[in-house]
Amino acid sequence: MGVLSICHMASHLQNASRARLGLTSVPHNKANLAVALALHRAGFLAFVTRGGPHPPDPATIATFEPEPLTTANVASQRLWVGLKYTLHGPVLRSMSPISTPKRSIVAPLSALERLARGFDAAQQRGLNLGECMFVRTPRGTLEIREAVERKTSGVLLCRAGP
């Protein structure tokens with residue numbers, strides 16, 4: 001279920017940024033939360049917060065306190081993400097899944113090092129300028145450069161770029 005939800009999230013965030021939406025939501029689950037936080041750390045998203053089916057007030061997003069998770073409301077929870085824009089367009093212009101539910105692509109550390117430097121490896125093309133690739137590792141979901149620093153391999157999840 002994790003890879004499928006990441007595929008749906010990648011498509012939704014790309015469509016939302018092309019439509020110039022400032023705020024959008026994705027289903028709340030562990031896989032989506034991990035990728036959303038990694039996108040936030042990489043600078044593609046303005047904020048990530050958990051909320052109900054209705055969006056939080058943008059004016060008070062910094063002090064927004066989500067309601068506690070209970071068994072009664074866990075199914076209706078959403079991750080609300082704020083998209084960033086510059087004068088020239090969206091910061092997150094393209095986002096595409098790499099692994100699919102049918103085929104999970106695992107890359108060893110040597111392949112991650114080549115990909116991070118811009119060379120082709122592990123049946124993937126290397127990174128371009130400003131592009132990021134996200135990897136699920138035993139240490140969590142990391143950007144490919146963080147995974148190389150920590151010397152860990154993992155499953156290639158998605159790539160995002162301007």
# chains A, B, ... in the order shown; residues from 1 in each chain; ligands from 1
call {"tool": "residues_around", "arguments": {"residues": "Leu33 in chain A", "least_positions_apart": "6", "cutoff": "10 Å", "atoms": "only C-alpha atoms", "output": "list in words"}}
result
Ile6, Val26, Pro27, Leu39, Val48, Thr49, Arg50, Arg78, Leu79 and Thr141 of chain A
call {"tool": "residues_around", "arguments": {"residues": "Arg139 in chain A", "least_positions_apart": "6", "cutoff": "12 Å", "atoms": "only C-alpha atoms", "output": "list in words"}}
result
Ala34, Glu146, Ala147, Arg150, Lys151, Thr152, Ser153, Gly154 and Val155 of chain A
call {"tool": "write_last_selection", "arguments": {"atoms": "all heavy atoms", "output": "PDB file, in the first residue's frame"}}
result
ATOM      1  N   ALA A  34       6.110  10.357   5.382  1.00  0.00           N
ATOM      2  CA  ALA A  34       7.570  10.315   5.247  1.00  0.00           C
ATOM      3  C   ALA A  34       8.035  11.059   4.008  1.00  0.00           C
ATOM      4  O   ALA A  34       8.996  11.838   4.062  1.00  0.00           O
ATOM      5  CB  ALA A  34       8.044   8.866   5.209  1.00  0.00           C
ATOM      6  N   GLU A 146      21.458  12.573   1.202  1.00  0.00           N
ATOM      7  CA  GLU A 146      21.507  12.207   2.619  1.00  0.00           C
ATOM      8  C   GLU A 146      21.799  10.719   2.785  1.00  0.00           C
ATOM      9  O   GLU A 146      22.551  10.322   3.686  1.00  0.00           O
ATOM     10  CB  GLU A 146      20.182  12.529   3.306  1.00  0.00           C
ATOM     11  CG  GLU A 146      19.845  13.988   3.412  1.00  0.00           C
ATOM     12  CD  GLU A 146      18.466  14.159   4.027  1.00  0.00           C
ATOM     13  OE1 GLU A 146      18.337  13.991   5.252  1.00  0.00           O
ATOM     14  OE2 GLU A 146      17.527  14.457   3.272  1.00  0.00           O
ATOM     15  N   ALA A 147      21.200   9.889   1.927  1.00  0.00           N
ATOM     16  CA  ALA A 147      21.426   8.445   2.001  1.00  0.00           C
ATOM     17  C   ALA A 147      22.887   8.107   1.691  1.00  0.00           C
ATOM     18  O   ALA A 147      23.475   7.230   2.323  1.00  0.00           O
ATOM     19  CB  ALA A 147      20.497   7.720   1.036  1.00  0.00           C
ATOM     20  N   ARG A 150      25.015   9.006   4.707  1.00  0.00           N
ATOM     21  CA  ARG A 150      24.855   8.035   5.794  1.00  0.00           C
ATOM     22  C   ARG A 150      25.249   6.620   5.372  1.00  0.00           C
ATOM     23  O   ARG A 150      25.098   5.679   6.158  1.00  0.00           O
ATOM     24  CB  ARG A 150      23.412   8.043   6.287  1.00  0.00           C
ATOM     25  CG  ARG A 150      23.043   9.361   6.905  1.00  0.00           C
ATOM     26  CD  ARG A 150      21.632   9.367   7.382  1.00  0.00           C
ATOM     27  NE  ARG A 150      21.268  10.676   7.892  1.00  0.00           N
ATOM     28  CZ  ARG A 150      20.169  10.925   8.553  1.00  0.00           C
ATOM     29  NH1 ARG A 150      19.312   9.952   8.784  1.00  0.00           N
ATOM     30  NH2 ARG A 150      19.905  12.138   8.971  1.00  0.00           N
ATOM     31  N   LYS A 151      25.699   6.470   4.131  1.00  0.00           N
ATOM     32  CA  LYS A 151      26.181   5.202   3.587  1.00  0.00           C
ATOM     33  C   LYS A 151      25.159   4.081   3.756  1.00  0.00           C
ATOM     34  O   LYS A 151      25.440   3.016   4.314  1.00  0.00           O
ATOM     35  CB  LYS A 151      27.511   4.810   4.219  1.00  0.00           C
ATOM     36  CG  LYS A 151      28.598   5.840   3.978  1.00  0.00           C
ATOM     37  CD  LYS A 151      29.954   5.234   4.076  1.00  0.00           C
ATOM     38  CE  LYS A 151      31.048   6.243   3.880  1.00  0.00           C
ATOM     39  NZ  LYS A 151      31.021   6.958   2.640  1.00  0.00           N
ATOM     40  N   THR A 152      23.948   4.326   3.236  1.00  0.00           N
ATOM     41  CA  THR A 152      22.892   3.331   3.306  1.00  0.00           C
ATOM     42  C   THR A 152      22.215   3.206   1.945  1.00  0.00           C
ATOM     43  O   THR A 152      22.117   4.174   1.204  1.00  0.00           O
ATOM     44  CB  THR A 152      21.869   3.691   4.397  1.00  0.00           C
ATOM     45  OG1 THR A 152      20.886   2.679   4.456  1.00  0.00           O
ATOM     46  CG2 THR A 152      21.214   5.019   4.157  1.00  0.00           C
ATOM     47  N   SER A 153      21.773   2.020   1.607  1.00  0.00           N
ATOM     48  CA  SER A 153      21.072   1.780   0.350  1.00  0.00           C
ATOM     49  C   SER A 153      19.579   1.697   0.621  1.00  0.00           C
ATOM     50  O   SER A 153      19.150   1.720   1.769  1.00  0.00           O
ATOM     51  CB  SER A 153      21.579   0.491  -0.283  1.00  0.00           C
ATOM     52  OG  SER A 153      21.333  -0.593   0.586  1.00  0.00           O
ATOM     53  N   GLY A 154      18.780   1.564  -0.436  1.00  0.00           N
ATOM     54  CA  GLY A 154      17.348   1.483  -0.213  1.00  0.00           C
ATOM     55  C   GLY A 154      16.543   1.411  -1.497  1.00  0.00           C
ATOM     56  O   GLY A 154      17.082   1.249  -2.600  1.00  0.00           O
ATOM     57  N   VAL A 155      15.237   1.580  -1.353  1.00  0.00           N
ATOM     58  CA  VAL A 155      14.281   1.519  -2.458  1.00  0.00           C
ATOM     59  C   VAL A 155      14.102   2.932  -3.011  1.00  0.00           C
ATOM     60  O   VAL A 155      13.810   3.860  -2.255  1.00  0.00           O
ATOM     61  CB  VAL A 155      12.934   0.956  -1.968  1.00  0.00           C
ATOM     62  CG1 VAL A 155      11.918   0.945  -3.099  1.00  0.00           C
ATOM     63  CG2 VAL A 155      13.101  -0.416  -1.391  1.00  0.00           C
TER      64      VAL A 155
END
call {"tool": "closest_residue", "arguments": {"among": "A:Ala160, A:Val3, A:Met9, A:Ala122", "to": "Arg93 in chain A", "atoms": "only C-alpha atoms"}}
result
A:Ala160
call {"tool": "closest_residue", "arguments": {"among": "A:Leu87, A:Ala42, A:Val135, A:Ile98", "to": "Leu4 in chain A", "atoms": "only C-alpha atoms"}}
result
A:Ile98
call {"tool": "residues_around", "arguments": {"residues": "Gln77 in chain A", "least_positions_apart": "4", "cutoff": "6 Å", "atoms": "only C-alpha atoms", "output": "PDB file with N, CA, C and O atoms, in the first residue's frame"}}
result
ATOM      1  N   HIS A  28      -3.646  10.643   4.836  1.00  0.00           N
ATOM      2  CA  HIS A  28      -2.666  10.528   5.929  1.00  0.00           C
ATOM      3  C   HIS A  28      -2.312   9.062   6.131  1.00  0.00           C
ATOM      4  O   HIS A  28      -3.146   8.259   6.531  1.00  0.00           O
ATOM      5  N   GLY A  51      -4.535  17.262   9.531  1.00  0.00           N
ATOM      6  CA  GLY A  51      -5.809  17.892   9.826  1.00  0.00           C
ATOM      7  C   GLY A  51      -6.960  17.012   9.387  1.00  0.00           C
ATOM      8  O   GLY A  51      -6.764  15.914   8.868  1.00  0.00           O
ATOM      9  N   GLY A  52      -8.147  17.531   9.563  1.00  0.00           N
ATOM     10  CA  GLY A  52      -9.344  16.799   9.187  1.00  0.00           C
ATOM     11  C   GLY A  52      -9.674  17.000   7.719  1.00  0.00           C
ATOM     12  O   GLY A  52      -8.830  17.416   6.913  1.00  0.00           O
TER      13      GLY A  52
END
call {"tool": "residues_around", "arguments": {"residues": "Ser99 in chain A", "least_positions_apart": "2", "cutoff": "9 Å", "atoms": "only C-alpha atoms", "output": "ChimeraX atom specification"}}
result
/A:3,7,97,101-106,155-158
call {"tool": "select_by_dssp", "arguments": {"residues": "chain A", "states": "strand (DSSP E or B)", "output": "number ranges by chain"}}
result
A: 23-27, 45-51, 78-83, 85-86, 89-90, 94-97, 106-107, 121, 124, 132-137, 140-143, 154-161
call {"tool": "select_by_dssp", "arguments": {"residues": "range 5-150 of chain A", "states": "alpha helix (DSSP H)", "output": "VMD selection string"}}
result
chain A and resid 5 to 18 30 to 42 109 to 116 144 to 149
call {"tool": "write_last_selection", "arguments": {"atoms": "N, CA and C atoms", "output": "short mmCIF file (atom, residue, chain, number, x, y, z; two decimals), in the first residue's frame"}}
result
data_model
loop_
_atom_site.label_atom_id
_atom_site.label_comp_id
_atom_site.auth_asym_id
_atom_site.auth_seq_id
_atom_site.Cartn_x
_atom_site.Cartn_y
_atom_site.Cartn_z
N SER A 5 0.38 4.47 -2.62
CA SER A 5 -0.04 5.79 -2.12
C SER A 5 0.99 6.86 -2.49
N ILE A 6 2.28 6.50 -2.57
CA ILE A 6 3.29 7.47 -2.99
C ILE A 6 3.12 7.80 -4.47
N CYS A 7 2.75 6.80 -5.28
CA CYS A 7 2.47 7.06 -6.70
C CYS A 7 1.31 8.04 -6.86
N HIS A 8 0.25 7.82 -6.09
CA HIS A 8 -0.91 8.72 -6.14
C HIS A 8 -0.53 10.12 -5.63
N MET A 9 0.27 10.17 -4.59
CA MET A 9 0.68 11.46 -4.03
C MET A 9 1.54 12.24 -5.03
N ALA A 10 2.45 11.56 -5.72
CA ALA A 10 3.30 12.23 -6.71
C ALA A 10 2.45 12.84 -7.81
N SER A 11 1.49 12.10 -8.30
CA SER A 11 0.61 12.61 -9.35
C SER A 11 -0.22 13.78 -8.85
N HIS A 12 -0.75 13.67 -7.64
CA HIS A 12 -1.60 14.73 -7.10
C HIS A 12 -0.81 16.02 -6.86
N LEU A 13 0.40 15.91 -6.30
CA LEU A 13 1.19 17.12 -6.04
C LEU A 13 1.63 17.79 -7.34
N GLN A 14 1.97 17.01 -8.36
CA GLN A 14 2.33 17.61 -9.64
C GLN A 14 1.14 18.33 -10.26
N ASN A 15 -0.05 17.72 -10.21
CA ASN A 15 -1.25 18.37 -10.75
C ASN A 15 -1.61 19.62 -9.96
N ALA A 16 -1.47 19.57 -8.63
CA ALA A 16 -1.80 20.72 -7.80
C ALA A 16 -0.85 21.88 -8.06
N SER A 17 0.44 21.60 -8.28
CA SER A 17 1.38 22.68 -8.55
C SER A 17 1.15 23.27 -9.93
N ARG A 18 0.76 22.46 -10.90
CA ARG A 18 0.45 22.99 -12.24
C ARG A 18 -0.82 23.83 -12.22
N LYS A 30 1.63 6.52 6.77
CA LYS A 30 3.07 6.61 7.09
C LYS A 30 3.91 6.92 5.86
N ALA A 31 3.60 6.30 4.73
CA ALA A 31 4.41 6.49 3.53
C ALA A 31 4.27 7.93 3.02
N ASN A 32 3.04 8.44 2.95
CA ASN A 32 2.84 9.81 2.49
C ASN A 32 3.47 10.82 3.44
N LEU A 33 3.37 10.56 4.75
CA LEU A 33 3.97 11.47 5.72
C LEU A 33 5.48 11.51 5.57
N ALA A 34 6.11 10.36 5.38
CA ALA A 34 7.57 10.31 5.25
C ALA A 34 8.03 11.06 4.01
N VAL A 35 7.36 10.88 2.88
CA VAL A 35 7.75 11.57 1.65
C VAL A 35 7.46 13.06 1.75
N ALA A 36 6.33 13.43 2.36
CA ALA A 36 6.00 14.85 2.50
C ALA A 36 7.02 15.56 3.39
N LEU A 37 7.45 14.93 4.46
CA LEU A 37 8.47 15.55 5.32
C LEU A 37 9.81 15.64 4.60
N ALA A 38 10.14 14.64 3.78
CA ALA A 38 11.39 14.70 3.01
C ALA A 38 11.31 15.82 1.96
N LEU A 39 10.16 16.00 1.33
CA LEU A 39 9.98 17.10 0.38
C LEU A 39 10.08 18.45 1.09
N HIS A 40 9.57 18.52 2.31
CA HIS A 40 9.65 19.76 3.09
C HIS A 40 11.11 20.07 3.45
N ARG A 41 11.86 19.05 3.87
CA ARG A 41 13.28 19.24 4.18
C ARG A 41 14.07 19.67 2.95
N ALA A 42 13.68 19.16 1.77
CA ALA A 42 14.38 19.51 0.52
C ALA A 42 13.99 20.88 0.00
N LEU A 109 24.40 1.04 -2.50
CA LEU A 109 25.08 2.30 -2.23
C LEU A 109 25.87 2.79 -3.44
N SER A 110 26.52 1.90 -4.16
CA SER A 110 27.31 2.32 -5.33
C SER A 110 26.42 2.95 -6.40
N ALA A 111 25.22 2.41 -6.60
CA ALA A 111 24.29 3.00 -7.57
C ALA A 111 23.77 4.35 -7.08
N LEU A 112 23.51 4.47 -5.78
CA LEU A 112 23.06 5.76 -5.24
C LEU A 112 24.13 6.83 -5.42
N GLU A 113 25.39 6.46 -5.22
CA GLU A 113 26.47 7.43 -5.40
C GLU A 113 26.55 7.90 -6.85
N ARG A 114 26.41 6.98 -7.81
CA ARG A 114 26.44 7.37 -9.22
C ARG A 114 25.24 8.25 -9.57
N LEU A 115 24.05 7.90 -9.09
CA LEU A 115 22.86 8.70 -9.38
C LEU A 115 22.98 10.10 -8.80
N ALA A 116 23.51 10.20 -7.59
CA ALA A 116 23.64 11.51 -6.95
C ALA A 116 24.62 12.41 -7.70
N ILE A 144 18.43 11.44 -1.75
CA ILE A 144 19.51 10.54 -2.16
C ILE A 144 20.88 10.99 -1.64
N ARG A 145 21.10 12.30 -1.55
CA ARG A 145 22.39 12.80 -1.05
C ARG A 145 22.56 12.49 0.44
N GLU A 146 21.46 12.57 1.20
CA GLU A 146 21.51 12.21 2.62
C GLU A 146 21.80 10.72 2.78
N ALA A 147 21.20 9.89 1.93
CA ALA A 147 21.43 8.45 2.00
C ALA A 147 22.89 8.11 1.69
N VAL A 148 23.48 8.82 0.73
CA VAL A 148 24.89 8.58 0.41
C VAL A 148 25.77 9.02 1.57
N GLU A 149 25.46 10.16 2.20
CA GLU A 149 26.22 10.62 3.37
C GLU A 149 26.19 9.59 4.49
#
call {"tool": "atom_distance", "arguments": {"atom1": "CA of Thr137 in chain A", "atom2": "CA of Gly82 in chain A"}}
result
25.5 Å
call {"tool": "atom_distance", "arguments": {"atom1": "CA of Gly161 in chain A", "atom2": "CA of Leu129 in chain A"}}
result
8.4 Å
call {"tool": "residues_around", "arguments": {"residues": "Lys84 in chain A", "least_positions_apart": "4", "cutoff": "10 Å", "atoms": "only C-alpha atoms", "output": "ChimeraX atom specification"}}
result
/A:17,20-23,43-47,89-92
call {"tool": "atom_distance", "arguments": {"atom1": "CA of Gly140 in chain A", "atom2": "CA of Asn29 in chain A"}}
result
14.3 Å
call {"tool": "closest_residue", "arguments": {"among": "A:His54, A:Asn128, A:Ala19, A:Arg136", "to": "Pro108 in chain A", "atoms": "only C-alpha atoms"}}
result
A:Arg136
call {"tool": "closest_residue", "arguments": {"among": "A:Pro53, A:Met133, A:Val81, A:Arg159", "to": "Glu67 in chain A", "atoms": "only C-alpha atoms"}}
result
A:Pro53
